[in-house]
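S.K.: For reference, the file run-v1.txt (compact mmCIF, C-alpha atoms) is included below:
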# COMPACT_ATOMS: atom_id res chain seq x y z
CA MET W 183 120.17 103.36 134.76
CA ILE W 184 118.22 103.57 131.49
CA LYS W 185 120.29 100.74 130.03
CA LYS W 186 119.49 98.54 133.03
CA GLU W 187 115.78 99.30 132.70
CA ASN W 188 115.92 98.41 129.00
CA GLN W 189 117.59 95.12 129.86
CA ASN W 190 114.87 94.39 132.42
CA MET W 191 112.16 95.12 129.87
CA LYS W 192 113.84 92.87 127.30
CA TRP W 193 114.11 90.10 129.88
CA ILE W 194 110.44 90.39 130.86
CA GLY W 195 109.42 90.59 127.21
CA LEU W 196 111.38 87.45 126.37
CA LEU W 197 109.88 85.57 129.30
CA PHE W 198 106.35 86.60 128.36
CA ALA W 199 106.94 85.85 124.66
CA GLY W 200 108.03 82.29 125.49
CA TRP W 201 105.10 81.68 127.84
CA PHE W 202 102.55 83.22 125.46
CA THR W 203 103.88 81.21 122.52
CA VAL W 204 103.30 77.89 124.28
CA SER W 205 99.89 78.97 125.66
CA ALA W 206 98.59 80.42 122.40
CA ALA W 207 99.85 77.49 120.32
CA LEU W 208 98.20 74.97 122.66
CA PHE W 209 94.92 76.87 122.43
CA LEU W 210 95.10 77.24 118.64
CA ALA W 211 96.01 73.58 118.20
CA GLY W 212 92.98 72.47 120.19
CA LEU W 213 90.75 74.92 118.33
CA SER W 214 92.05 73.78 114.93
CA GLY W 215 91.35 70.16 115.78
CA ASP W 216 87.81 70.96 116.92
CA ILE W 217 87.09 73.01 113.78
CA ALA W 218 88.36 70.24 111.51
CA GLU W 219 86.20 67.71 113.33
CA GLN W 220 83.05 69.86 113.25
CA LEU W 221 83.29 71.21 109.70
CA PHE W 222 84.82 68.29 107.86
CA GLY W 223 83.96 65.36 110.09
CA SER W 224 87.63 64.55 110.50
CA SER W 225 88.54 61.28 112.18
CA ARG W 226 90.32 61.16 115.52
CA HIS W 227 93.68 60.52 113.86
CA VAL W 228 93.28 63.44 111.43
CA ARG W 229 92.28 65.68 114.32
CA ASN W 230 95.35 64.64 116.28
CA LEU W 231 97.56 65.18 113.22
CA ILE W 232 96.26 68.73 112.77
CA GLN W 233 96.78 69.52 116.45
CA SER W 234 100.34 68.17 116.32
CA LEU W 235 101.24 70.15 113.20
CA VAL W 236 99.82 73.39 114.61
CA MET W 237 101.45 72.97 118.03
CA SER W 238 104.96 72.05 116.87
CA GLY W 239 104.70 74.21 113.76
CA LEU W 240 104.18 77.30 115.91
CA VAL W 241 106.19 76.54 119.04
CA VAL W 242 109.41 75.03 117.67
CA PRO W 243 110.47 77.79 115.21
CA ILE W 244 109.35 80.65 117.49
CA ILE W 245 111.10 79.23 120.56
CA LEU W 246 114.30 78.60 118.59
CA TYR W 247 114.16 82.21 117.38
CA LEU W 248 113.64 83.44 120.96
CA TYR W 249 116.64 81.37 122.02
CA GLN W 250 118.78 83.38 119.58
CA ARG W 251 117.43 86.56 121.16
CA LEU W 252 118.37 85.20 124.60
CA TYR W 253 121.91 84.42 123.43
CA ARG W 254 122.32 87.96 122.07
CA MET W 255 120.90 89.49 125.23
CA THR W 256 123.18 87.52 127.58
CA GLY W 257 126.19 87.42 125.27
CA ILE W 258 126.52 83.70 126.05
CA LYS W 259 125.82 80.90 123.58
CA PRO W 260 126.66 77.34 124.64
CA LYS W 261 128.62 75.19 122.22
CA THR W 262 126.03 72.45 122.54
CA PRO W 263 122.57 73.82 123.49
CA VAL W 264 120.32 71.66 125.64
CA TYR W 265 118.03 71.02 122.68
CA PHE W 266 120.81 70.08 120.24
CA TRP W 267 120.54 66.70 118.54
CA ARG W 268 123.95 65.62 119.86
CA ARG W 269 122.35 65.38 123.29
CA GLY W 270 119.55 63.24 121.83
CA TYR W 271 120.81 59.99 123.36
CA HIS W 272 119.44 61.25 126.69
CA PHE W 273 115.99 60.70 125.23
CA PHE W 274 116.47 57.07 126.23
CA THR W 275 117.57 58.14 129.72
CA GLY W 276 114.13 59.68 130.21
CA VAL W 277 112.32 56.73 128.64
CA LEU W 278 114.15 54.17 130.78
CA LEU W 279 113.74 56.16 134.00
CA ALA W 280 109.97 56.63 133.55
CA SER W 281 109.51 53.01 132.42
CA GLY W 282 111.54 51.66 135.33
CA LEU W 283 109.68 53.71 137.92
CA GLY W 284 106.31 52.80 136.43
CA ALA W 285 107.19 49.10 136.41
CA LEU W 286 108.48 49.32 139.99
CA GLY W 287 105.20 50.88 141.08
CA PHE W 288 103.20 48.00 139.60
CA VAL W 289 105.52 45.39 141.10
CA ILE W 290 105.19 46.93 144.57
CA ALA W 291 101.41 47.23 144.22
CA SER W 292 101.13 43.63 143.05
CA VAL W 293 103.34 42.24 145.82
CA GLN W 294 101.36 44.18 148.43
CA GLY W 295 98.09 42.88 147.02
CA TRP W 296 96.80 46.33 146.11
CA ILE W 297 96.29 45.25 142.51
CA VAL W 298 95.94 41.85 140.86
CA ILE W 299 97.11 41.60 137.25
CA GLU W 300 94.60 39.49 135.32
CA LYS W 301 95.68 39.57 131.69
CA TRP W 302 98.37 40.76 129.31
CA HIS W 303 96.72 41.75 126.05
CA ALA W 304 98.37 40.69 122.79
CA PRO W 305 100.38 43.45 121.04
CA ASP W 306 98.24 43.23 117.92
CA GLN W 307 95.39 44.73 119.96
CA TRP W 308 97.21 47.88 121.10
CA PHE W 309 100.62 48.23 119.41
CA ALA W 310 99.45 50.18 116.33
CA ALA W 311 97.45 52.58 118.49
CA LEU W 312 100.48 53.04 120.74
CA LEU W 313 102.76 53.97 117.82
CA ILE W 314 100.22 56.43 116.42
CA ASN W 315 99.76 58.02 119.83
CA VAL W 316 103.53 58.27 120.34
CA LEU W 317 103.81 60.39 117.19
CA PHE W 318 100.91 62.56 118.29
CA ALA W 319 102.21 62.92 121.85
CA VAL W 320 105.73 63.88 120.71
CA PHE W 321 104.69 66.72 118.42
CA PHE W 322 101.59 67.93 120.28
CA GLU W 323 102.81 67.61 123.87
CA ALA W 324 106.32 66.44 124.74
CA LEU W 325 108.55 68.26 122.21
CA PRO W 326 106.94 71.74 122.13
CA GLU W 327 106.22 71.88 125.86
CA GLU W 328 109.71 70.79 126.89
CA LEU W 329 111.40 73.12 124.41
CA GLY W 330 109.33 76.10 125.53
CA LEU W 331 108.97 75.49 129.26
CA ARG W 332 111.84 73.36 130.55
CA GLY W 333 114.03 74.89 127.85
CA LEU W 334 113.59 78.58 127.07
CA LEU W 335 111.59 79.73 130.10
CA TYR W 336 113.97 78.05 132.54
CA ASP W 337 117.02 79.52 130.79
CA VAL W 338 115.50 83.01 130.81
CA LEU W 339 114.68 82.68 134.52
CA ARG W 340 118.11 81.24 135.29
CA HIS W 341 119.67 84.38 133.86
CA ARG W 342 118.23 86.29 136.84
CA PHE W 343 117.54 83.78 139.59
CA PRO W 344 119.28 80.86 141.34
CA ALA W 345 118.54 77.37 140.04
CA TRP W 346 116.07 76.34 142.77
CA LEU W 347 113.97 79.48 142.30
CA SER W 348 114.09 79.15 138.51
CA VAL W 349 112.81 75.56 138.77
CA PHE W 350 109.94 76.70 141.00
CA LEU W 351 108.98 79.70 138.86
CA GLN W 352 109.12 77.68 135.64
CA THR W 353 106.75 75.16 137.18
CA ILE W 354 104.34 77.93 138.22
CA LEU W 355 104.39 79.17 134.62
CA PHE W 356 103.70 75.61 133.46
CA VAL W 357 100.59 75.48 135.64
CA CYS W 358 99.59 78.93 134.34
CA VAL W 359 99.79 77.66 130.74
CA THR W 360 97.19 75.00 131.48
CA THR W 361 95.00 77.46 133.37
CA ALA W 362 95.23 80.12 130.66
CA VAL W 363 94.33 77.68 127.89
CA ALA W 364 91.29 76.44 129.83
CA LEU W 365 90.17 80.07 130.32
CA PHE W 366 90.71 80.86 126.62
CA GLN W 367 88.63 77.85 125.67
CA ALA W 368 85.80 78.79 128.04
CA PHE W 369 85.86 82.40 126.78
CA VAL W 370 85.28 81.38 123.14
CA GLY W 371 82.70 78.75 124.06
CA GLN W 372 84.98 75.79 123.41
CA THR W 373 84.76 72.74 125.64
CA PRO W 374 87.92 72.71 127.84
CA GLY W 375 90.23 69.80 127.13
CA LEU W 376 90.59 69.07 130.83
CA THR W 377 88.96 69.70 134.19
CA LEU W 378 90.93 72.00 136.46
CA ASN W 379 90.91 70.98 140.10
CA ILE W 380 93.33 70.84 143.01
CA PHE W 381 94.36 67.25 142.26
CA TYR W 382 95.20 68.02 138.63
CA ILE W 383 97.15 71.16 139.57
CA VAL W 384 99.20 69.20 142.14
CA VAL W 385 99.88 66.49 139.54
CA ILE W 386 101.15 68.88 136.84
CA PHE W 387 103.11 70.88 139.42
CA CYS W 388 105.01 67.76 140.54
CA PHE W 389 105.36 66.73 136.89
CA GLY W 390 106.92 70.10 136.02
CA ILE W 391 109.37 69.91 138.92
CA GLY W 392 110.46 66.41 137.97
CA LEU W 393 110.92 67.23 134.29
CA GLN W 394 113.00 70.30 135.07
CA LEU W 395 115.24 68.46 137.53
CA LEU W 396 115.76 65.74 134.94
CA ARG W 397 116.94 68.30 132.44
CA LEU W 398 119.35 69.73 135.03
CA TRP W 399 121.27 66.56 135.83
CA THR W 400 121.37 65.24 132.27
CA GLY W 401 122.05 68.63 130.69
CA SER W 402 119.65 67.68 127.91
CA LEU W 403 116.06 68.55 127.04
CA TRP W 404 115.82 65.21 125.28
CA ALA W 405 115.75 63.44 128.64
CA SER W 406 112.72 65.48 129.65
CA ILE W 407 111.07 64.78 126.29
CA GLY W 408 111.63 61.03 126.69
CA PHE W 409 110.34 61.03 130.27
CA HIS W 410 107.33 63.17 129.34
CA LEU W 411 106.41 60.93 126.41
CA THR W 412 106.79 57.68 128.36
CA TYR W 413 104.70 59.02 131.24
CA LEU W 414 101.86 59.89 128.85
CA GLU W 415 101.91 56.46 127.22
CA ILE W 416 101.97 54.64 130.58
CA MET W 417 98.94 56.64 131.69
CA ARG W 418 97.05 55.96 128.45
CA PHE W 419 97.99 52.34 127.79
CA VAL W 420 98.73 50.86 131.22
CA ALA W 421 97.50 52.79 134.27
CA LEU W 422 94.00 53.71 133.06
CA PRO W 423 91.73 50.89 131.84
CA HIS W 424 90.25 53.03 129.06
CA GLY W 425 92.91 55.75 128.89
CA TYR W 426 93.25 55.71 125.11
CA GLY W 427 89.66 54.88 124.20
CA GLY W 428 88.37 53.89 120.80
CA GLY W 429 87.94 50.28 121.89
CA VAL W 430 91.70 49.78 122.26
CA PRO W 431 92.47 47.66 125.35
CA PRO W 432 95.29 48.56 127.74
CA ILE W 433 98.51 46.57 127.70
CA ILE W 434 97.46 44.87 130.95
CA SER W 435 94.15 44.42 132.73
CA TYR W 436 94.12 44.35 136.52
CA GLN W 437 91.79 44.47 139.50
CA GLU W 438 92.25 47.15 142.16
CA SER W 439 91.51 46.99 145.87
CA ALA W 440 90.23 50.58 145.59
CA PRO W 441 89.06 52.63 142.57
CA LEU W 442 91.90 54.26 140.56
CA LEU W 443 94.51 52.87 142.97
CA GLY W 444 96.72 51.63 140.13
CA TYR W 445 96.54 55.05 138.48
CA LEU W 446 97.48 56.84 141.72
CA ILE W 447 100.36 54.46 142.39
CA SER W 448 101.68 54.97 138.85
CA ILE W 449 101.51 58.75 139.09
CA SER W 450 103.14 58.80 142.53
CA MET W 451 105.93 56.40 141.66
CA ILE W 452 106.85 58.07 138.36
CA GLN W 453 106.55 61.67 139.50
CA ILE W 454 107.73 61.52 143.11
CA GLY W 455 110.24 58.79 142.29
CA GLY W 456 111.59 60.86 139.41
CA ILE W 457 112.02 63.89 141.68
CA ILE W 458 113.81 61.83 144.34
CA VAL W 459 116.15 60.18 141.82
CA SER W 460 116.99 63.55 140.28
CA LEU W 461 117.64 65.20 143.66
CA VAL W 462 119.91 62.32 144.70
CA ILE W 463 121.92 62.54 141.47
CA LEU W 464 122.13 66.35 141.62
CA SER W 465 123.29 66.17 145.26
CA ALA W 466 125.90 63.55 144.40
CA LYS W 467 127.20 65.65 141.51
CA ARG W 468 127.40 68.68 143.79
CA ILE W 469 129.40 66.75 146.39
CA ILE W 470 131.77 65.39 143.72
CA ARG W 471 132.19 68.87 142.27
CA LYS W 472 133.21 70.25 145.66
CA ARG W 473 135.64 67.44 146.39
CA HIS W 474 137.16 67.09 142.93
CA PRO W 475 136.67 70.38 141.07
CA LEU W 476 139.68 69.89 138.76
CA GLU W 477 138.55 66.43 137.66
CA LEU W 478 135.20 67.78 136.51
CA VAL W 479 136.83 70.64 134.64
CA ASN W 480 139.24 68.28 132.88
Once more with this new file: its structure as structure tokens, please.

M.R.:
Amino acid sequence: MIKKENQNMKWIGLLFAGWFTVSAALFLAGLSGDIAEQLFGSSRHVRNLIQSLVMSGLVVPIILYLYQRLYRMTGIKPKTPVYFWRRGYHFFTGVLLASGLGALGFVIASVQGWIVIEKWHAPDQWFAALLINVLFAVFFEALPEELGLRGLLYDVLRHRFPAWLSVFLQTILFVCVTTAVALFQAFVGQTPGLTLNIFYIVVIFCFGIGLQLLRLWTGSLWASIGFHLTYLEIMRFVALPHGYGGGVPPIISYQESAPLLGYLISISMIQIGGIIVSLVILSAKRIIRKRHPLELVN
């Protein structure tokens, strides 16, 4: 009985440690960037670099250490972990899926007359900014968040709960990370990096579900990282007219039949479409597994 209670405490402690690591690192990264900007007048790129270094510098080594604790606790260590570089080719699976869904959304909107594409801006106006933002987004957002949330937290939850419940609970924890960071920032008098409202919570909830399902059918965190990164860049350089700022134009300019319609179509197509594609593939794999179990084993 005592041994079981100790195991429960270790499990809860590991879950909390993973969640707190991501939350605290995100808060400290934002705070570090603000301090550098206020005290030293750092440029936007320097600020982003500091945030990226703090976020990945804290999250990646701590989460990898916690993964070793999880393996010792469960007595199970996969030959090829979901974050291992040998699964890295699935990064392009995520990139292609998000890009394809985003493009499909714009094609449908254009054909229906909901948006009218007016101009494609030359790459020399936005390409350098895109590359810089990709580096920032990978190390500040996509890599540490996927490793901590869709990686460790899901695997800890999966040790106790069925897959569907683990996906749901991981997504709730994802929403709680954003909420906790906003509360930390308000508590210390820092301007929150985002505005929490029902729309935003629904968006990140769907985003978390889609990213976790993507990891499940590919068996790789790199797919989630690629999807996450591509989604961010589409929002900043395509869907929103001034998403990146700094005088950098979007890749395309378009007119909408209603305000923010292109943005809403992009979000819906990428997130809901990603969830549907993942559920279809997972269902197909389940049916194949039931019909041909030996083939999958071999």

S.K.: Would you be able to write out as a ChimeraX atom specification which residues have an atom within 9 Å of (97.4, 61.0, 114.4) in the file's coordinates, counting all atoms listed in the file?

M.R.: /W:226-234,314-318

S.K.: Rank nothing, just name the residue among W:Ser348, W:Gly287, W:Tyr336, W:Gln220 nearest to Leu446 in chain W, using all atoms listed in the file.

M.R.: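 The closest residue to Leu446 in chain W is W:Gly287.
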
S.K.: Pick the closest to Gly371 in chain W from W:Leu334, W:Pro344, W:Leu240, W:Asp216: which is it, counting only C-alpha atoms?

M.R.: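 For Gly371 in chain W, the nearest of the given residues is W:Asp216.
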
S.K.: Measuring atom to atom with only C-alpha atoms, identify which of W:Pro423, W:Gly284, W:Pro374, W:Pro431 is nearest to Ser450 in chain W.

M.R.: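 Among the listed residues, W:Gly284 lies closest to Ser450 in chain W.
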
S.K.: Can you tell me how far CA of Ile469 in chain W sits from CA of Thr353 in chain W, in Å to one decimal?

M.R.: 25.9 Å
